file query-v7.pdb (PDB, C-alpha atoms, pLDDT in the B column)
ATOM      1  CA  MET A   1      -2.415  53.892   9.003  1.00 46.00           C
ATOM      2  CA  ASN A   2      -1.611  57.514   8.147  1.00 50.00           C
ATOM      3  CA  ILE A   3      -2.215  58.430  11.769  1.00 53.00           C
ATOM      4  CA  SER A   4       0.407  55.987  13.037  1.00 48.00           C
ATOM      5  CA  LEU A   5       2.942  57.066  10.395  1.00 47.00           C
ATOM      6  CA  GLY A   6       2.293  60.701  11.273  1.00 52.00           C
ATOM      7  CA  MET A   7       2.794  59.919  14.958  1.00 50.00           C
ATOM      8  CA  LEU A   8       6.040  58.118  14.198  1.00 48.00           C
ATOM      9  CA  SER A   9       7.433  61.089  12.299  1.00 57.00           C
ATOM     10  CA  GLU A  10       6.143  63.512  14.935  1.00 57.00           C
ATOM     11  CA  SER A  11       7.625  61.477  17.787  1.00 54.00           C
ATOM     12  CA  GLY A  12      11.095  61.872  16.249  1.00 62.00           C
ATOM     13  CA  ASN A  13      10.734  65.683  16.325  1.00 72.00           C
ATOM     14  CA  VAL A  14       9.392  65.596  19.882  1.00 67.00           C
ATOM     15  CA  ILE A  15      12.300  63.514  21.148  1.00 71.00           C
ATOM     16  CA  GLU A  16      14.782  65.926  19.583  1.00 76.00           C
ATOM     17  CA  ARG A  17      12.977  68.883  21.189  1.00 71.00           C
ATOM     18  CA  LEU A  18      12.989  67.194  24.624  1.00 67.00           C
ATOM     19  CA  GLN A  19      16.662  66.341  24.368  1.00 72.00           C
ATOM     20  CA  ALA A  20      17.432  69.959  23.530  1.00 76.00           C
ATOM     21  CA  LEU A  21      15.881  71.107  26.834  1.00 71.00           C
ATOM     22  CA  GLY A  22      18.758  69.671  28.835  1.00 72.00           C
ATOM     23  CA  THR A  23      17.913  68.826  32.441  1.00 77.00           C
ATOM     24  CA  ALA A  24      14.978  66.779  33.655  1.00 75.00           C
ATOM     25  CA  GLN A  25      13.548  69.778  35.527  1.00 78.00           C
ATOM     26  CA  ASP A  26      13.456  71.785  32.288  1.00 76.00           C
ATOM     27  CA  GLN A  27      11.686  68.888  30.579  1.00 73.00           C
ATOM     28  CA  LEU A  28       9.063  68.656  33.349  1.00 75.00           C
ATOM     29  CA  ASN A  29       8.471  72.415  33.217  1.00 79.00           C
ATOM     30  CA  ASP A  30       7.840  72.252  29.460  1.00 75.00           C
ATOM     31  CA  PRO A  31       4.083  72.732  28.838  1.00 75.00           C
ATOM     32  CA  ASP A  32       4.076  70.096  26.055  1.00 76.00           C
ATOM     33  CA  TYR A  33       5.843  67.441  28.151  1.00 76.00           C
ATOM     34  CA  TRP A  34       2.822  65.251  28.930  1.00 78.00           C
ATOM     35  CA  SER A  35       1.495  65.436  25.386  1.00 81.00           C
ATOM     36  CA  THR A  36       4.938  64.354  24.198  1.00 79.00           C
ATOM     37  CA  VAL A  37       4.959  61.439  26.607  1.00 83.00           C
ATOM     38  CA  GLY A  38       1.459  60.499  25.446  1.00 86.00           C
ATOM     39  CA  ILE A  39       2.475  60.546  21.766  1.00 88.00           C
ATOM     40  CA  ILE A  40       5.525  58.369  22.430  1.00 87.00           C
ATOM     41  CA  SER A  41       3.486  55.919  24.542  1.00 92.00           C
ATOM     42  CA  LEU A  42       0.684  55.749  21.982  1.00 93.00           C
ATOM     43  CA  THR A  43       3.173  55.147  19.179  1.00 93.00           C
ATOM     44  CA  GLY A  44       4.788  52.284  21.108  1.00 94.00           C
ATOM     45  CA  ILE A  45       1.430  50.675  21.900  1.00 96.00           C
ATOM     46  CA  LEU A  46       0.314  50.931  18.260  1.00 96.00           C
ATOM     47  CA  VAL A  47       3.524  49.287  17.043  1.00 96.00           C
ATOM     48  CA  VAL A  48       3.144  46.429  19.530  1.00 97.00           C
ATOM     49  CA  PHE A  49      -0.473  45.740  18.590  1.00 97.00           C
ATOM     50  CA  LEU A  50       0.271  46.003  14.866  1.00 97.00           C
ATOM     51  CA  ILE A  51       2.979  43.353  15.189  1.00 97.00           C
ATOM     52  CA  LEU A  52       0.647  41.241  17.345  1.00 97.00           C
ATOM     53  CA  ALA A  53      -2.044  41.422  14.639  1.00 97.00           C
ATOM     54  CA  ILE A  54       0.500  40.348  12.007  1.00 97.00           C
ATOM     55  CA  LEU A  55       1.564  37.376  14.158  1.00 97.00           C
ATOM     56  CA  ILE A  56      -2.051  36.322  14.771  1.00 97.00           C
ATOM     57  CA  PHE A  57      -2.741  36.424  11.019  1.00 97.00           C
ATOM     58  CA  PHE A  58       0.427  34.426  10.310  1.00 96.00           C
ATOM     59  CA  PHE A  59      -0.483  31.651  12.765  1.00 96.00           C
ATOM     60  CA  TRP A  60      -4.090  31.546  11.522  1.00 95.00           C
ATOM     61  CA  LEU A  61      -2.806  31.160   7.946  1.00 96.00           C
ATOM     62  CA  MET A  62      -0.400  28.381   8.949  1.00 96.00           C
ATOM     63  CA  GLY A  63      -3.194  26.551  10.812  1.00 94.00           C
ATOM     64  CA  THR A  64      -5.439  26.741   7.742  1.00 94.00           C
ATOM     65  CA  ILE A  65      -2.689  25.372   5.500  1.00 95.00           C
ATOM     66  CA  PHE A  66      -1.852  22.487   7.849  1.00 94.00           C
ATOM     67  CA  ARG A  67      -5.521  21.535   8.277  1.00 93.00           C
ATOM     68  CA  ALA A  68      -5.890  21.348   4.482  1.00 92.00           C
ATOM     69  CA  VAL A  69      -2.792  19.145   4.222  1.00 92.00           C
ATOM     70  CA  ASP A  70      -4.084  16.862   7.008  1.00 91.00           C
ATOM     71  CA  LYS A  71      -7.451  16.502   5.263  1.00 90.00           C
ATOM     72  CA  LYS A  72      -5.715  15.476   2.038  1.00 90.00           C
ATOM     73  CA  LYS A  73      -3.636  12.864   3.880  1.00 88.00           C
ATOM     74  CA  ALA A  74      -6.730  11.522   5.651  1.00 86.00           C
ATOM     75  CA  ALA A  75      -8.577  11.266   2.323  1.00 85.00           C
ATOM     76  CA  LYS A  76      -5.686   9.298   0.803  1.00 83.00           C
ATOM     77  CA  LYS A  77      -5.591   6.902   3.770  1.00 81.00           C
ATOM     78  CA  ALA A  78      -9.376   6.427   3.797  1.00 77.00           C
ATOM     79  CA  ALA A  79      -9.624   5.505   0.103  1.00 68.00           C
ATOM     80  CA  PRO A  80      -7.782   2.118   0.283  1.00 60.00           C
ATOM     81  CA  LYS A  81      -9.681   1.091   3.421  1.00 53.00           C
ATOM     82  CA  THR A  82     -13.027   1.091   1.601  1.00 49.00           C
ATOM     83  CA  GLU A  83     -11.753  -1.483  -0.900  1.00 50.00           C
ATOM     84  CA  ILE A  84     -10.514  -3.878   1.814  1.00 48.00           C
ATOM     85  CA  LYS A  85     -13.709  -3.997   3.882  1.00 50.00           C
ATOM     86  CA  PRO A  86     -15.270  -7.125   2.287  1.00 54.00           C
ATOM     87  CA  ALA A  87     -12.053  -9.119   2.712  1.00 52.00           C
ATOM     88  CA  ALA A  88     -11.677  -7.846   6.258  1.00 53.00           C
ATOM     89  CA  ALA A  89     -15.204  -9.005   7.107  1.00 55.00           C
ATOM     90  CA  VAL A  90     -14.422 -12.528   5.835  1.00 53.00           C
ATOM     91  CA  ALA A  91     -11.160 -12.609   7.804  1.00 54.00           C
ATOM     92  CA  GLN A  92     -12.971 -11.390  10.914  1.00 59.00           C
ATOM     93  CA  THR A  93     -15.564 -14.184  10.790  1.00 59.00           C
ATOM     94  CA  ALA A  94     -12.766 -16.726  10.307  1.00 58.00           C
ATOM     95  CA  ALA A  95     -10.938 -15.238  13.288  1.00 60.00           C
ATOM     96  CA  VAL A  96     -14.083 -15.541  15.447  1.00 61.00           C
ATOM     97  CA  GLU A  97     -14.420 -19.229  14.529  1.00 63.00           C
ATOM     98  CA  GLU A  98     -10.722 -19.850  15.278  1.00 65.00           C
ATOM     99  CA  GLU A  99     -11.064 -18.006  18.584  1.00 67.00           C
ATOM    100  CA  ALA A 100     -13.984 -20.227  19.599  1.00 66.00           C
ATOM    101  CA  ASP A 101     -11.934 -23.332  18.764  1.00 68.00           C
ATOM    102  CA  ASP A 102      -8.952 -21.917  20.650  1.00 74.00           C
ATOM    103  CA  GLU A 103     -11.109 -21.203  23.707  1.00 77.00           C
ATOM    104  CA  GLU A 104     -12.337 -24.805  23.775  1.00 80.00           C
ATOM    105  CA  GLU A 105      -8.749 -26.061  23.527  1.00 83.00           C
ATOM    106  CA  ILE A 106      -7.619 -23.692  26.297  1.00 81.00           C
ATOM    107  CA  VAL A 107     -10.415 -24.900  28.592  1.00 81.00           C
ATOM    108  CA  ALA A 108      -9.414 -28.521  27.861  1.00 83.00           C
ATOM    109  CA  VAL A 109      -5.732 -27.822  28.613  1.00 84.00           C
ATOM    110  CA  ILE A 110      -6.558 -26.023  31.872  1.00 83.00           C
ATOM    111  CA  SER A 111      -8.871 -28.842  32.931  1.00 83.00           C
ATOM    112  CA  ALA A 112      -6.216 -31.458  32.152  1.00 84.00           C
ATOM    113  CA  ALA A 113      -3.570 -29.538  34.129  1.00 83.00           C
ATOM    114  CA  ILE A 114      -5.843 -29.241  37.169  1.00 82.00           C
ATOM    115  CA  ALA A 115      -6.809 -32.917  36.940  1.00 82.00           C
ATOM    116  CA  ALA A 116      -3.131 -33.958  36.801  1.00 83.00           C
ATOM    117  CA  PHE A 117      -2.302 -31.710  39.747  1.00 79.00           C
ATOM    118  CA  SER A 118      -5.221 -32.995  41.813  1.00 79.00           C
ATOM    119  CA  GLU A 119      -4.267 -36.675  41.145  1.00 80.00           C
ATOM    120  CA  ALA A 120      -0.687 -36.016  42.209  1.00 75.00           C
ATOM    121  CA  GLU A 121      -1.785 -34.225  45.345  1.00 74.00           C
ATOM    122  CA  GLY A 122      -4.619 -36.570  46.210  1.00 76.00           C
ATOM    123  CA  THR A 123      -7.346 -33.896  46.392  1.00 78.00           C
ATOM    124  CA  SER A 124     -10.043 -32.934  43.931  1.00 76.00           C
ATOM    125  CA  TYR A 125     -10.757 -29.515  42.475  1.00 76.00           C
ATOM    126  CA  THR A 126     -13.744 -28.137  40.567  1.00 79.00           C
ATOM    127  CA  ILE A 127     -13.461 -25.533  37.803  1.00 78.00           C
ATOM    128  CA  ARG A 128     -16.230 -22.978  38.246  1.00 80.00           C
ATOM    129  CA  SER A 129     -15.201 -20.361  35.679  1.00 79.00           C
ATOM    130  CA  ILE A 130     -12.374 -19.454  33.371  1.00 77.00           C
ATOM    131  CA  LYS A 131     -11.946 -15.777  32.553  1.00 76.00           C
ATOM    132  CA  LYS A 132      -9.655 -14.236  29.990  1.00 73.00           C
ATOM    133  CA  HIS A 133      -7.067 -11.949  31.565  1.00 69.00           C
ATOM    134  CA  LYS A 134      -7.031  -8.358  30.387  1.00 71.00           C
ATOM    135  CA  ASP A 135      -4.002  -7.143  28.497  1.00 67.00           C
ATOM    136  CA  THR A 136      -3.061  -4.627  31.179  1.00 67.00           C
ATOM    137  CA  ARG A 137       0.028  -5.386  33.209  1.00 64.00           C
ATOM    138  CA  ALA A 138      -0.080  -5.409  36.961  1.00 72.00           C
ATOM    139  CA  ARG A 139       3.534  -4.233  37.060  1.00 78.00           C
ATOM    140  CA  SER A 140       5.538  -1.942  34.835  1.00 78.00           C
ATOM    141  CA  ALA A 141       8.404  -3.145  32.666  1.00 79.00           C
ATOM    142  CA  TRP A 142      10.926  -1.517  35.031  1.00 84.00           C
ATOM    143  CA  ASN A 143       9.363  -3.283  37.991  1.00 85.00           C
ATOM    144  CA  MET A 144       9.524  -6.647  36.203  1.00 82.00           C
ATOM    145  CA  ALA A 145      13.171  -6.047  35.234  1.00 84.00           C
ATOM    146  CA  GLY A 146      14.045  -5.337  38.862  1.00 85.00           C
ATOM    147  CA  ILE A 147      12.276  -8.473  40.059  1.00 83.00           C
ATOM    148  CA  SER A 148      13.972 -10.674  37.455  1.00 83.00           C
ATOM    149  CA  GLY A 149      17.325  -9.105  38.339  1.00 82.00           C
ATOM    150  CA  ASN A 150      16.804  -9.860  42.018  1.00 82.00           C
ATOM    151  CA  MET A 151      15.837 -13.477  41.309  1.00 82.00           C
ATOM    152  CA  GLN A 152      18.976 -14.358  39.329  1.00 79.00           C
ATOM    153  CA  LYS A 153      21.631 -16.416  41.014  1.00 69.00           C
ATOM    154  CA  LEU A 154      24.911 -14.676  41.689  1.00 60.00           C
TER     155      LEU A 154
END
call {"tool": "encode", "arguments": {"input": "query-v7.pdb", "output": "structure tokens"}}
result
Amino acid sequence: MNISLGMLSESGNVIERLQALGTAQDQLNDPDYWSTVGIISLTGILVVFLILAILIFFFWLMGTIFRAVDKKKAAKKAAPKTEIKPAAAVAQTAAVEEEADDEEEIVAVISAAIAAFSEAEGTSYTIRSIKKHKDTRARSAWNMAGISGNMQKL
């Protein structure tokens, strides 16, 4: 640290000495010119890297603080969930039973609709499988809005 402070104070004297020489040719002819340029360059590089080290430390410290805060929030959220697990297991088994009943009803409704359609048309159809549709949309919301807009009567 003393080296960089010494260079800073020395670079001020060097700059004054170079400015006193006058023209650029006089400065280039000065035997200490390149050492002066080296001192000024080294001082600038040291200042830049010192500030960079301070910034790295600052961001590391902020990251450590935010990780600690996130862990505390996660611990608070996880604590109530452990108490609800037995009730959630009971609700889940009830939901599975309801889903099985709903699936039987859905199959009955689909079968009835196909039977009514086939009687009206005079042909017969056979249901081979019924699969649940995934929740993904085939079209985006903007696409659906455009289609519904085009289908409205003017």
call {"tool": "atom_distance", "arguments": {"input": "query-v7.pdb", "atom1": "CA of Ser41 in chain A", "atom2": "CA of Ile15 in chain A"}}
result
12.1 Å
call {"tool": "atom_distance", "arguments": {"input": "query-v7.pdb", "atom1": "CA of Ile130 in chain A", "atom2": "CA of Ile106 in chain A"}}
result
9.5 Å
call {"tool": "atom_distance", "arguments": {"input": "query-v7.pdb", "atom1": "CA of Lys76 in chain A", "atom2": "CA of Gly63 in chain A"}}
result
20.1 Å
call {"tool": "resolve_selection", "arguments": {"input": "query-v7.pdb", "expression": "the PyMOL selection byres ((chain A and resi 123-127) around 12)", "output": "PyMOL selection string"}}
result
chain A and resi 107-108+110-122+128-131
call {"tool": "axis_aligned_box", "arguments": {"input": "query-v7.pdb", "around": "range 21-33 of chain A", "padding_each_side": "6 Å", "output": "AutoDock Vina command-line options"}}
result
--center_x 11.4 --center_y 69.8 --center_z 30.8 --size_x 26.7 --size_y 18.0 --size_z 21.5
